[in-house]
There are 2 protein chains.
Amino acid sequence: MTVTLGTTSASKTVDLGPAVELVSKEEGHRQPLAPEFVSAEDFSPLEVAYDFGRVRREDIEGGPNNIWRYKKLLPVPSNVEEIPNTEPGGTRLVRADRLAKALGLKRVWVKDDTGNPTHSFKDRVVAVALAAAREFGFEVLACPSTGNLANAVAAAAARAGWQSVVLIPKTLERAKILTTAVYDGALIAVDGNYDDVNRLATELAAEHASWAFVNVNVRPYYSEGSKTLAFEVAEQLGWRIPEQIVVPIASGSQLTKVDKGFRELGQLGLVEASPYKVFGAQATGCSPVSAAFRAGHDVVQPVKPDTIARSLAIGNPADGPYVLDVVNRTGGAIEDVSDEEVVEGIRLLARTEGIFTETAGGVTVATAKKLVETGKLDPDAETVLLITGDGLKTLDAVEGRIGPKATVPPSAEAVSKALGF
Amino acid sequence: MTVTLGTTSASKTVDLGPAVELVSKEEGHRQPLAPEFVSAEDFSPLEVAYDFGRVRREDIEGGPNNIWRYKKLLPVPSNVEEIPNTEPGGTRLVRADRLAKALGLKRVWVKDDTGNPTHSFKDRVVAVALAAAREFGFEVLACPSTGNLANAVAAAAARAGWQSVVLIPKTLERAKILTTAVYDGALIAVDGNYDDVNRLATELAAEHASWAFVNVNVRPYYSEGSKTLAFEVAEQLGWRIPEQIVVPIASGSQLTKVDKGFRELGQLGLVEASPYKVFGAQATGCSPVSAAFRAGHDVVQPVKPDTIARSLAIGNPADGPYVLDVVNRTGGAIEDVSDEEVVEGIRLLARTEGIFTETAGGVTVATAKKLVETGKLDPDAETVLLITGDGLKTLDAVEGRIGPKATVPPSAEAVSKALGF
């Protein structure tokens with residue numbers, strides 16, 4: 001939809017494709033498209049509402065091999081693929097027979113999102129946020145982050161020729177600092193913990209009208225990017241929704257958007273609206289949603305995170321209640337796993353399928369294992385696991401546990417002997 | 001072609017698709033397909049010869065979004081996509097306008113091969129080697145390596161359910177050991193330097209009939225995998241060969257295979273056989289091919305490598321003379337750049353296009369810059385740069401040179417001040 005925006009000095013025409021309004025999640029209050037994230041009516045999160053019109057498979061199949069093939073289902077301009085941005089998506093859906101066997105499942109697919117430009121699914125959400133932010137007249141792309149999001153924001157801004165402002169706790173690991181700083185945006189180390197950095201981001205978003213904090217003031221657009229995981233999975237399966245999908249939970253946004261993506265595909269007739277179950281995965285050291293599910297609550301009690309799965313370590317997940325809704329509605333479940341199990345999950349995926357994931361992926365694999373063992377995942381139903389980030393970014397998790405099988409002198413005899421020949 | 005192989009105890013039928021023979025590079029001696037890499041007639045490297053028959057664009061476009069869409073142009077079985085292997089390729093070709101402007105070129109495309117399963121082009125060659133090795137009856141996938149190849153071999157073997165044997169110098173960096181060991185193959189640390197490890201590999205290949213050393217005894221098949229870079233670039237440009245392409249040189253194999261790929265596409269009528277120039281890129285600390293080109297020699301004098309671009313540090317490049325042939329035939333050139341320029345190349349690509357490459361990619365970008373400055377690259381001609389590996393694997397190269405712009409207390413005022421507002 002093309003709307004005229006009057007919030008800046010000169011009014012500006014905004015093209016956000018099929019997006020028509022924002023709607024509050026709790027009471028469904030509607031308001032015009034704008035860079036806002038909380039309803040002034042009921043204080044619940046705002047979500048994008050659409051008028052899709054007719055969308056055919058051919059429209060999508062004829063598009064580029066990245067998330068912009070789904071532009072008719074996203075809050076982005078109709079010419080989005082012509083504007084400098086990253087081109088995330090189009091990542092592999094791998095048939096994982098060896099992992100399936102190890103887990104005791106009949107058929108498993110791994111969605112390997114490590115192939116994205118900065119090697120995590122965050123490239124999807126940031127690309128959509130950048131496209132929408134440009135329409136709203138923003139000029140700076142910003143975020144508070146401790147890792148994947150920092151990489152994605154700094155890279156996307158560099159590609160678009162935008163300034164970026166990335167706020168990190170100053171104690172962040174060397175590797176994460178380097179992999180963000182290399183894009184040459186304004187990387188600011190804050191003398192405080194992640195909570196301090198987050199508060200600071202909200203304050204700065206209010207003060208700087210030209211700064212788009214991807215996960216704050218343009219969050220409704222940003223979060224829609226996660227739908228592309230559902231779209232790709234369905235298209236890669238031959239326009240079909242899998243019976244079971246296991247999704248890691250941080251804020252919970254990704255899980256709710258995967259569900260939204262599947263529903264939209266069904267409503268548009270792009271796939272048969274077949275039943276599916278959504279399962280959530282957390283690390284026990286930060287498992288407020290899993291705990292609420294287990295207790296049968298519909299609200300989530302915040303926790304103080306303590307887990308190696310730092311990219312999932314959000315103690316007060318904004319979309320927690322909506323995650324519980326989706327999981328309960330679809331007949332899924334939520335489980336959590338220990339850090340020891342997370343590492344075993346990373347190693348299991350690597351040795352069975354040659355995919356090296358970060359700790360979040362280890363959480364997903366280990367949770368799938370637990371869900372099979374507890375009878376919650378149907379072993380005969382087709383199952384998709386979302387692997388959303390890369391092991392190269394969390395080497396610490398496996399350090400000290402793996403290494404060479406042997407160290408030998410440079411002789412063929414020594415090698416053969418070390419290998420037991 | 002389907003041939004019967006009699007070298008193992010029971011004869012076995014080998015399906016390597018369109019591949020029909022091996023041919024020696026120097027004198028064109030022909031011999032049956034076999035796991036051999038040097039001609040017994042003229043001691044030159046063996047290369048795969050094909051009978052392609054008719055190949056249409058539709059055959060390719062209807063295939064999977066990975067290198068197996070080009071199976072009719074590779075020495076792999078006709079059902080290769082059904083056999084467990086990695087699915088490399090289908091990586092982005094990025095229109096790089098900001099980089100082009102910085103380099104003084106009119107139109108630049110970056111082939112971003114960091115999106116592969118283990119984040120380098122080595123996944124392409126290893127996948128083809130594995131497919132061919134399986135046909136020849138091998139059971140173990142092996143290599144000597146100091147990095148990218150080790151990752152790719154260990155991951156591909158894990159995915160296929162094969163044993164892997166990866167030989168590394170014991171002094172290898174922690175990150176490279178972890179990113180190989182995680183796949184749980186037989187990683188063997190050798191008390192010696194890379195030359196020792198390489199010699200050991202040749203010795204072991206002779207002793208163990210069931211071990212396929214990807215870059216030794218099955219090298220003719222392995223190296224064909226690099227053609228897929230040329231195929232993808234041409235298809236992604238809309239079935240067109242770019243006027244100029246810049247390729248990094250290690251052994252030189254990749255550069256010669258990119259040229260072979262373009263020629264095959266022209267011969268088959270898949271693209272117009274338009275003229276193109278191939279340019280080679282080396283680090284000055286290991287630049288034997290560049291030195292030979294500058295001196296007008298047709299042989300290459302070995303050197304002792306000393307450069308941060310370790311994935312290119314082959315002092316005695318096997319395909320050096322053939323690289324000189326290709327570059328001279330197409331009217332290209334070869335240049336080399338200092339380690340300082342390599343780092344600046346990495347940073348230039350990151351800040352203009354949001355792509356973080358390893359040192360080899362820095363060599364390519366910096367060499368392109370030098371080739372423009374010396375008038376060897378035509379600024380008005382369309383240019384493709386091959387970015388073949390990932391910056392996450394060579395963090396040391398940028399360490400100490402980049403970091404946060406500022407460290408501030410957790411206040412909005414402090415951030416604004418640090419940014420000059």
# chains A, B, ... in the order shown; residues from 1 in each chain; ligands from 1
>>> select_by_dssp(residues="segment 232-415 of chain B", states="helix (DSSP H, G or I)", output="NGL selection string")
:B and (232-236 or 253-267 or 288-295 or 310-312 or 320-330 or 339-353 or 359-373 or 391-393 or 395-397 or 412-415)
>>> residues_around(residues="segment 63-70 of chain B", least_positions_apart="2", cutoff="9 Å", atoms="only C-alpha atoms", output="JSON list (two decimals) with all heavy atoms, in the first residue's frame")
[["chain", "number", "residue", "atom", "x", "y", "z"],
["A", 65, "ASN", "N", 16.53, -15.67, -5.98],
["A", 65, "ASN", "CA", 16.74, -16.75, -5.01],
["A", 65, "ASN", "C", 17.15, -16.19, -3.65],
["A", 65, "ASN", "O", 18.21, -16.50, -3.12],
["A", 65, "ASN", "CB", 17.79, -17.72, -5.54],
["A", 65, "ASN", "CG", 18.01, -18.87, -4.59],
["A", 65, "ASN", "OD1", 17.04, -19.38, -4.03],
["A", 65, "ASN", "ND2", 19.26, -19.23, -4.37],
["A", 90, "GLY", "N", 17.18, -18.04, 0.76],
["A", 90, "GLY", "CA", 17.59, -19.01, -0.25],
["A", 90, "GLY", "C", 18.55, -20.03, 0.34],
["A", 90, "GLY", "O", 19.36, -20.62, -0.38],
["A", 92, "ARG", "N", 19.81, -23.53, 2.38],
["A", 92, "ARG", "CA", 19.52, -24.95, 2.13],
["A", 92, "ARG", "C", 18.46, -25.53, 3.06],
["A", 92, "ARG", "O", 18.47, -25.25, 4.26],
["A", 92, "ARG", "CB", 20.79, -25.79, 2.37],
["A", 92, "ARG", "CG", 21.98, -25.40, 1.57],
["A", 92, "ARG", "CD", 23.10, -26.41, 1.77],
["A", 92, "ARG", "NE", 23.59, -26.46, 3.15],
["A", 92, "ARG", "CZ", 24.34, -27.44, 3.63],
["A", 92, "ARG", "NH1", 24.68, -28.46, 2.86],
["A", 92, "ARG", "NH2", 24.77, -27.42, 4.88],
["B", 58, "GLU", "N", 17.42, -25.17, -20.11],
["B", 58, "GLU", "CA", 16.29, -25.67, -19.33],
["B", 58, "GLU", "C", 16.69, -26.86, -18.46],
["B", 58, "GLU", "O", 16.15, -27.03, -17.36],
["B", 58, "GLU", "CB", 15.12, -26.11, -20.23],
["B", 58, "GLU", "CG", 14.64, -25.04, -21.19],
["B", 58, "GLU", "CD", 15.40, -25.07, -22.51],
["B", 58, "GLU", "OE1", 16.45, -24.39, -22.62],
["B", 58, "GLU", "OE2", 14.95, -25.79, -23.42],
["B", 59, "ASP", "N", 17.60, -27.69, -18.97],
["B", 59, "ASP", "CA", 18.05, -28.84, -18.16],
["B", 59, "ASP", "C", 18.66, -28.34, -16.85],
["B", 59, "ASP", "O", 18.49, -28.93, -15.79],
["B", 59, "ASP", "CB", 19.14, -29.63, -18.90],
["B", 59, "ASP", "CG", 18.63, -30.23, -20.20],
["B", 59, "ASP", "OD1", 17.41, -30.49, -20.29],
["B", 59, "ASP", "OD2", 19.44, -30.40, -21.12],
["B", 60, "ILE", "N", 19.42, -27.26, -16.98],
["B", 60, "ILE", "CA", 20.11, -26.70, -15.82],
["B", 60, "ILE", "C", 19.14, -25.94, -14.92],
["B", 60, "ILE", "O", 19.09, -26.15, -13.71],
["B", 60, "ILE", "CB", 21.26, -25.79, -16.31],
["B", 60, "ILE", "CG1", 22.33, -26.65, -17.00],
["B", 60, "ILE", "CG2", 21.85, -24.99, -15.15],
["B", 60, "ILE", "CD1", 23.35, -25.87, -17.81],
["B", 61, "GLU", "N", 18.34, -25.09, -15.53],
["B", 61, "GLU", "CA", 17.43, -24.22, -14.75],
["B", 61, "GLU", "C", 16.40, -25.03, -13.97],
["B", 61, "GLU", "O", 15.89, -24.57, -12.94],
["B", 61, "GLU", "CB", 16.74, -23.22, -15.68],
["B", 61, "GLU", "CG", 17.71, -22.16, -16.19],
["B", 61, "GLU", "CD", 17.19, -21.37, -17.40],
["B", 61, "GLU", "OE1", 16.16, -21.77, -17.98],
["B", 61, "GLU", "OE2", 17.84, -20.38, -17.75],
["B", 72, "LYS", "N", 25.35, -32.32, -15.66],
["B", 72, "LYS", "CA", 25.64, -32.75, -17.03],
["B", 72, "LYS", "C", 26.95, -32.18, -17.56],
["B", 72, "LYS", "O", 27.35, -32.46, -18.68],
["B", 72, "LYS", "CB", 24.49, -32.36, -17.95],
["B", 72, "LYS", "CG", 23.23, -33.17, -17.71],
["B", 72, "LYS", "CD", 22.17, -32.87, -18.75],
["B", 72, "LYS", "CE", 21.08, -33.95, -18.70],
["B", 72, "LYS", "NZ", 20.16, -33.80, -19.86],
["B", 73, "LEU", "N", 27.61, -31.35, -16.75],
["B", 73, "LEU", "CA", 28.89, -30.74, -17.13],
["B", 73, "LEU", "C", 30.01, -31.15, -16.16],
["B", 73, "LEU", "O", 31.09, -30.57, -16.18],
["B", 73, "LEU", "CB", 28.76, -29.22, -17.14],
["B", 73, "LEU", "CG", 27.64, -28.64, -18.03],
["B", 73, "LEU", "CD1", 27.46, -27.15, -17.78],
["B", 73, "LEU", "CD2", 27.95, -28.89, -19.50],
["B", 74, "LEU", "N", 29.72, -32.14, -15.30],
["B", 74, "LEU", "CA", 30.68, -32.54, -14.26],
["B", 74, "LEU", "C", 30.89, -34.05, -14.26],
["B", 74, "LEU", "O", 30.02, -34.80, -14.71],
["B", 74, "LEU", "CB", 30.14, -32.12, -12.88],
["B", 74, "LEU", "CG", 30.00, -30.63, -12.61],
["B", 74, "LEU", "CD1", 29.24, -30.40, -11.30],
["B", 74, "LEU", "CD2", 31.37, -29.95, -12.55],
["B", 76, "VAL", "N", 30.31, -36.61, -12.50],
["B", 76, "VAL", "CA", 29.53, -37.15, -11.38],
["B", 76, "VAL", "C", 28.39, -38.01, -11.93],
["B", 76, "VAL", "O", 27.97, -37.82, -13.06],
["B", 76, "VAL", "CB", 28.96, -36.03, -10.49],
["B", 76, "VAL", "CG1", 30.08, -35.22, -9.84],
["B", 76, "VAL", "CG2", 28.03, -35.10, -11.28],
["B", 80, "VAL", "N", 23.36, -37.92, -9.06],
["B", 80, "VAL", "CA", 24.22, -37.42, -7.98],
["B", 80, "VAL", "C", 23.44, -36.71, -6.87],
["B", 80, "VAL", "O", 23.78, -36.82, -5.69],
["B", 80, "VAL", "CB", 25.33, -36.49, -8.54],
["B", 80, "VAL", "CG1", 24.74, -35.22, -9.15],
["B", 80, "VAL", "CG2", 26.35, -36.14, -7.47],
["B", 81, "GLU", "N", 22.36, -36.01, -7.24],
["B", 81, "GLU", "CA", 21.65, -35.23, -6.21],
["B", 81, "GLU", "C", 20.86, -36.12, -5.27],
["B", 81, "GLU", "O", 20.36, -35.64, -4.24],
["B", 81, "GLU", "CB", 20.77, -34.15, -6.85],
["B", 81, "GLU", "CG", 19.53, -34.66, -7.55],
["B", 81, "GLU", "CD", 19.78, -35.07, -9.00],
["B", 81, "GLU", "OE1", 20.95, -35.44, -9.32],
["B", 81, "GLU", "OE2", 18.84, -35.03, -9.80],
["B", 87, "GLU", "N", 25.59, -29.87, -0.41],
["B", 87, "GLU", "CA", 24.95, -29.20, -1.54],
["B", 87, "GLU", "C", 25.54, -27.80, -1.66],
["B", 87, "GLU", "O", 24.87, -26.81, -1.38],
["B", 87, "GLU", "CB", 23.43, -29.10, -1.33],
["B", 87, "GLU", "CG", 22.70, -30.43, -1.24],
["B", 87, "GLU", "CD", 22.64, -31.01, 0.16],
["B", 87, "GLU", "OE1", 23.07, -30.34, 1.12],
["B", 87, "GLU", "OE2", 22.18, -32.15, 0.29],
["B", 88, "PRO", "N", 26.81, -27.70, -2.08],
["B", 88, "PRO", "CA", 27.41, -26.37, -2.17],
["B", 88, "PRO", "C", 26.88, -25.62, -3.39],
["B", 88, "PRO", "O", 26.14, -26.16, -4.21],
["B", 88, "PRO", "CB", 28.89, -26.67, -2.33],
["B", 88, "PRO", "CG", 28.95, -28.02, -2.93],
["B", 88, "PRO", "CD", 27.74, -28.76, -2.44],
["B", 89, "GLY", "N", 27.31, -24.37, -3.50],
["B", 89, "GLY", "CA", 26.93, -23.57, -4.66],
["B", 89, "GLY", "C", 25.60, -22.88, -4.48],
["B", 89, "GLY", "O", 25.02, -22.88, -3.40],
["B", 90, "GLY", "N", 25.15, -22.25, -5.54],
["B", 90, "GLY", "CA", 23.96, -21.41, -5.44],
["B", 90, "GLY", "C", 24.24, -20.19, -4.58],
["B", 90, "GLY", "O", 23.34, -19.61, -3.99],
["B", 91, "THR", "N", 25.50, -19.79, -4.52],
["B", 91, "THR", "CA", 25.87, -18.62, -3.69],
["B", 91, "THR", "C", 25.56, -17.32, -4.44],
["B", 91, "THR", "O", 25.39, -17.32, -5.66],
["B", 91, "THR", "CB", 27.36, -18.66, -3.32],
["B", 91, "THR", "OG1", 28.13, -18.65, -4.52],
["B", 91, "THR", "CG2", 27.69, -19.90, -2.51],
["B", 124, "ARG", "N", 32.74, -26.90, -3.01],
["B", 124, "ARG", "CA", 32.42, -27.27, -4.38],
["B", 124, "ARG", "C", 33.29, -28.42, -4.87],
["B", 124, "ARG", "O", 32.81, -29.42, -5.40],
["B", 124, "ARG", "CB", 32.63, -26.08, -5.33],
["B", 124, "ARG", "CG", 31.77, -24.87, -5.03],
["B", 124, "ARG", "CD", 32.14, -23.71, -5.96],
["B", 124, "ARG", "NE", 31.36, -22.53, -5.65],
["B", 124, "ARG", "CZ", 30.19, -22.23, -6.20],
["B", 124, "ARG", "NH1", 29.67, -23.02, -7.11],
["B", 124, "ARG", "NH2", 29.53, -21.14, -5.86],
["B", 127, "ALA", "N", 32.81, -31.76, -2.87],
["B", 127, "ALA", "CA", 31.56, -32.46, -3.19],
["B", 127, "ALA", "C", 31.71, -33.28, -4.47],
["B", 127, "ALA", "O", 31.25, -34.42, -4.57],
["B", 127, "ALA", "CB", 30.40, -31.47, -3.30],
["B", 225, "GLY", "N", 35.32, -29.31, -9.95],
["B", 225, "GLY", "CA", 34.30, -28.62, -9.15],
["B", 225, "GLY", "C", 34.40, -27.10, -9.24],
["B", 225, "GLY", "O", 33.39, -26.39, -9.10],
["B", 228, "THR", "N", 32.17, -24.86, -11.51],
["B", 228, "THR", "CA", 30.82, -24.41, -11.14],
["B", 228, "THR", "C", 30.79, -22.93, -10.77],
["B", 228, "THR", "O", 29.74, -22.30, -10.85],
["B", 228, "THR", "CB", 30.24, -25.26, -9.99],
["B", 228, "THR", "OG1", 31.07, -25.12, -8.83],
["B", 228, "THR", "CG2", 30.16, -26.72, -10.39],
["B", 229, "LEU", "N", 31.93, -22.37, -10.37],
["B", 229, "LEU", "CA", 31.99, -20.91, -10.14],
["B", 229, "LEU", "C", 31.71, -20.17, -11.45],
["B", 229, "LEU", "O", 30.95, -19.20, -11.48],
["B", 229, "LEU", "CB", 33.37, -20.52, -9.60],
["B", 229, "LEU", "CG", 33.61, -20.75, -8.11],
["B", 229, "LEU", "CD1", 35.10, -20.73, -7.79],
["B", 229, "LEU", "CD2", 32.89, -19.68, -7.30],
["B", 231, "PHE", "N", 30.15, -21.43, -14.12],
["B", 231, "PHE", "CA", 28.78, -21.73, -14.55],
["B", 231, "PHE", "C", 27.78, -20.82, -13.82],
["B", 231, "PHE", "O", 26.88, -20.25, -14.42],
["B", 231, "PHE", "CB", 28.42, -23.20, -14.26],
["B", 231, "PHE", "CG", 29.27, -24.21, -15.00],
["B", 231, "PHE", "CD1", 29.41, -25.50, -14.48],
["B", 231, "PHE", "CD2", 29.92, -23.90, -16.18],
["B", 231, "PHE", "CE1", 30.17, -26.46, -15.15],
["B", 231, "PHE", "CE2", 30.69, -24.85, -16.86],
["B", 231, "PHE", "CZ", 30.82, -26.13, -16.34],
["B", 232, "GLU", "N", 27.95, -20.71, -12.50],
["B", 232, "GLU", "CA", 27.01, -19.90, -11.73],
["B", 232, "GLU", "C", 27.08, -18.43, -12.10],
["B", 232, "GLU", "O", 26.06, -17.75, -12.24],
["B", 232, "GLU", "CB", 27.25, -20.06, -10.22],
["B", 232, "GLU", "CG", 26.75, -21.38, -9.69],
["B", 232, "GLU", "CD", 26.84, -21.51, -8.18],
["B", 232, "GLU", "OE1", 27.01, -20.49, -7.47],
["B", 232, "GLU", "OE2", 26.74, -22.65, -7.69]]
>>> residues_around(residues="Lys122 of chain A", least_positions_apart="3", cutoff="9 Å", atoms="only C-alpha atoms", output="list in words")
Asn116, Thr118, His119, Val125, Val126, Ala127, Asn148, Leu149, Asn151, Ala152, Val153, Gly225, Ser226, Thr388 and Gly389 of chain A
>>> select_by_dssp(residues="segment 117-318 of chain A", states="strand (DSSP E or B)", output="compact mmCIF listing (two decimals) with N, CA, C and O atoms, in the first residue's frame")
# COMPACT_ATOMS: atom_id res chain seq x y z
N SER A 120 23.61 -15.90 10.03
CA SER A 120 22.51 -16.22 10.94
C SER A 120 21.20 -15.71 10.33
O SER A 120 21.21 -14.92 9.38
N VAL A 140 19.78 6.12 9.63
CA VAL A 140 20.78 5.40 10.43
C VAL A 140 20.14 4.08 10.88
O VAL A 140 18.99 4.07 11.32
N LEU A 141 20.90 2.98 10.74
CA LEU A 141 20.40 1.68 11.18
C LEU A 141 21.10 1.34 12.49
O LEU A 141 22.33 1.39 12.57
N ALA A 142 20.31 1.01 13.51
CA ALA A 142 20.90 0.86 14.84
C ALA A 142 20.35 -0.36 15.56
O ALA A 142 19.30 -0.91 15.19
N CYS A 143 21.07 -0.83 16.57
CA CYS A 143 20.59 -1.91 17.43
C CYS A 143 21.45 -2.03 18.67
O CYS A 143 22.61 -1.63 18.67
N PRO A 144 20.88 -2.56 19.75
CA PRO A 144 21.69 -3.08 20.85
C PRO A 144 21.86 -4.56 20.58
O PRO A 144 20.94 -5.20 20.07
N GLN A 163 24.79 4.88 7.61
CA GLN A 163 25.53 4.85 8.86
C GLN A 163 24.87 3.79 9.74
O GLN A 163 23.66 3.58 9.68
N SER A 164 25.66 3.11 10.56
CA SER A 164 25.08 2.23 11.57
C SER A 164 25.58 2.63 12.95
O SER A 164 26.68 3.16 13.09
N VAL A 165 24.72 2.40 13.94
CA VAL A 165 25.12 2.58 15.34
C VAL A 165 24.80 1.27 16.05
O VAL A 165 23.63 0.88 16.15
N VAL A 166 25.84 0.58 16.48
CA VAL A 166 25.65 -0.71 17.15
C VAL A 166 26.19 -0.60 18.56
O VAL A 166 27.36 -0.25 18.76
N LEU A 167 25.33 -0.86 19.53
CA LEU A 167 25.69 -0.74 20.94
C LEU A 167 25.93 -2.13 21.53
O LEU A 167 25.08 -3.01 21.41
N ILE A 168 27.10 -2.32 22.14
CA ILE A 168 27.43 -3.62 22.74
C ILE A 168 27.96 -3.42 24.16
O ILE A 168 28.50 -2.36 24.48
N PRO A 169 27.80 -4.42 25.01
CA PRO A 169 28.49 -4.34 26.32
C PRO A 169 30.00 -4.40 26.07
O PRO A 169 30.44 -5.17 25.22
N ALA A 186 29.48 2.80 13.33
CA ALA A 186 29.78 3.32 14.66
C ALA A 186 29.47 2.23 15.69
O ALA A 186 28.33 2.07 16.11
N LEU A 187 30.49 1.46 16.03
CA LEU A 187 30.36 0.43 17.06
C LEU A 187 30.73 1.06 18.39
O LEU A 187 31.85 1.55 18.57
N ILE A 188 29.78 1.08 19.32
CA ILE A 188 29.99 1.74 20.60
C ILE A 188 29.96 0.70 21.73
O ILE A 188 28.97 -0.02 21.90
N ALA A 189 31.06 0.61 22.44
CA ALA A 189 31.13 -0.27 23.60
C ALA A 189 30.61 0.48 24.83
O ALA A 189 31.03 1.61 25.09
N VAL A 190 29.68 -0.13 25.53
CA VAL A 190 29.05 0.52 26.68
C VAL A 190 29.54 -0.13 27.98
O VAL A 190 29.58 -1.36 28.08
N TRP A 211 17.13 7.67 13.57
CA TRP A 211 17.73 6.37 13.84
C TRP A 211 16.66 5.28 13.88
O TRP A 211 15.75 5.32 14.71
N ALA A 212 16.80 4.30 13.05
CA ALA A 212 15.91 3.14 13.09
C ALA A 212 16.58 2.05 13.91
O ALA A 212 17.55 1.43 13.45
N PHE A 213 16.12 1.87 15.14
CA PHE A 213 16.60 0.72 15.93
C PHE A 213 15.78 -0.49 15.47
O PHE A 213 14.57 -0.55 15.70
N GLN A 244 5.64 -31.22 11.62
CA GLN A 244 6.22 -30.77 12.90
C GLN A 244 7.40 -29.86 12.61
O GLN A 244 8.18 -30.12 11.69
N ILE A 245 7.55 -28.80 13.41
CA ILE A 245 8.72 -27.93 13.25
C ILE A 245 9.22 -27.54 14.65
O ILE A 245 8.41 -27.27 15.54
N VAL A 246 10.54 -27.58 14.83
CA VAL A 246 11.14 -27.23 16.12
C VAL A 246 11.90 -25.91 15.94
O VAL A 246 12.77 -25.79 15.08
N VAL A 247 11.55 -24.93 16.78
CA VAL A 247 12.05 -23.56 16.63
C VAL A 247 12.67 -23.11 17.96
O VAL A 247 12.04 -23.27 19.02
N PRO A 248 13.88 -22.53 17.93
CA PRO A 248 14.47 -22.03 19.18
C PRO A 248 13.73 -20.77 19.63
O PRO A 248 13.21 -20.01 18.81
N LYS A 277 2.30 -28.92 13.87
CA LYS A 277 2.57 -28.65 15.27
C LYS A 277 3.88 -27.86 15.41
O LYS A 277 4.88 -28.23 14.80
N VAL A 278 3.86 -26.80 16.21
CA VAL A 278 5.06 -25.99 16.43
C VAL A 278 5.62 -26.31 17.82
O VAL A 278 4.90 -26.25 18.82
N PHE A 279 6.91 -26.66 17.85
CA PHE A 279 7.60 -27.00 19.10
C PHE A 279 8.64 -25.93 19.40
O PHE A 279 9.32 -25.44 18.50
N GLY A 280 8.77 -25.57 20.69
CA GLY A 280 9.73 -24.56 21.09
C GLY A 280 10.91 -25.16 21.84
O GLY A 280 10.76 -26.13 22.57
N ALA A 281 12.09 -24.55 21.66
CA ALA A 281 13.32 -25.06 22.27
C ALA A 281 14.01 -23.97 23.07
O ALA A 281 14.24 -22.87 22.56
N GLN A 282 14.33 -24.26 24.32
CA GLN A 282 15.10 -23.34 25.15
C GLN A 282 16.24 -24.05 25.86
O GLN A 282 16.22 -25.28 26.00
N ALA A 283 17.21 -23.25 26.29
CA ALA A 283 18.26 -23.78 27.17
C ALA A 283 17.73 -23.68 28.60
O ALA A 283 17.12 -22.67 28.98
N CYS A 286 18.01 -20.57 30.63
CA CYS A 286 17.15 -19.42 30.31
C CYS A 286 15.88 -19.99 29.67
O CYS A 286 15.72 -19.96 28.45
>>> interface_residues(of="chain B", to="chain A", cutoff="7 Å", atoms="only C-alpha atoms", output="ChimeraX atom specification")
/B:115-117,155-156,158-159,170,177-178,181-184,186-192,196-197,200,203-204,347,350-355,392,399,402-412
>>> atom_distance(atom1="atom CA of Glu340 of chain B", atom2="atom CA of Leu172 of chain B")
22.6 Å
>>> residues_around(residues="segment 101-107 of chain A", least_positions_apart="2", cutoff="7 Å", atoms="only C-alpha atoms", output="list of chain:residue names")
A:Asp97, A:Arg98, A:Leu99, A:Trp109, A:Lys369, A:Pro379, A:Asp380, A:Ala381, A:Glu382, A:Thr383
>>> atom_distance(atom1="atom CA of Ala132 of chain A", atom2="atom CA of Val218 of chain A")
7.8 Å
>>> closest_residue(among="A:Asp319, A:Asp259, A:Glu341, A:Glu235", to="Thr284 of chain A", atoms="only C-alpha atoms")
A:Glu341
>>> atom_distance(atom1="atom CA of Pro18 of chain A", atom2="atom CA of Phe52 of chain A")
5.3 Å
>>> residues_around(residues="Lys227 of chain B", least_positions_apart="4", cutoff="6 Å", atoms="only C-alpha atoms", output="compact mmCIF listing (two decimals) with C-alpha atoms, in the first residue's frame")
# COMPACT_ATOMS: atom_id res chain seq x y z
CA LYS B 257 38.95 -24.24 -14.29
CA VAL B 258 37.03 -20.97 -14.36
CA GLY B 261 34.00 -23.51 -17.49
>>> residues_around(residues="Leu46 of chain A", least_positions_apart="5", cutoff="8 Å", atoms="only C-alpha atoms", output="list of chain:residue names")
A:Leu22, A:Val23, A:Ser24, A:Lys25, A:Glu36, A:Phe37, A:Val38, A:Ser39, A:Pro220
>>> write_last_selection(atoms="C-alpha atoms", output="PDB file, in the first residue's frame")
ATOM      1  CA  LEU A  22      -0.583  -1.899  12.144  1.00  0.00           C
ATOM      2  CA  VAL A  23      -2.780  -3.866  14.504  1.00  0.00           C
ATOM      3  CA  SER A  24      -2.350  -4.420  18.240  1.00  0.00           C
ATOM      4  CA  LYS A  25      -1.883  -8.047  19.230  1.00  0.00           C
ATOM      5  CA  GLU A  36       5.853   2.437  16.166  1.00  0.00           C
ATOM      6  CA  PHE A  37       5.924  -0.804  18.085  1.00  0.00           C
ATOM      7  CA  VAL A  38       3.470  -0.576  20.988  1.00  0.00           C
ATOM      8  CA  SER A  39      -0.240   0.196  20.786  1.00  0.00           C
ATOM      9  CA  PRO A 220       6.853  -4.720  13.634  1.00  0.00           C
TER      10      PRO A 220
END
>>> residues_around(residues="Ser253 of chain A", least_positions_apart="6", cutoff="9 Å", atoms="only C-alpha atoms", output="VMD selection string")
chain A and resid 223 to 224 226 317 to 320 322 to 323
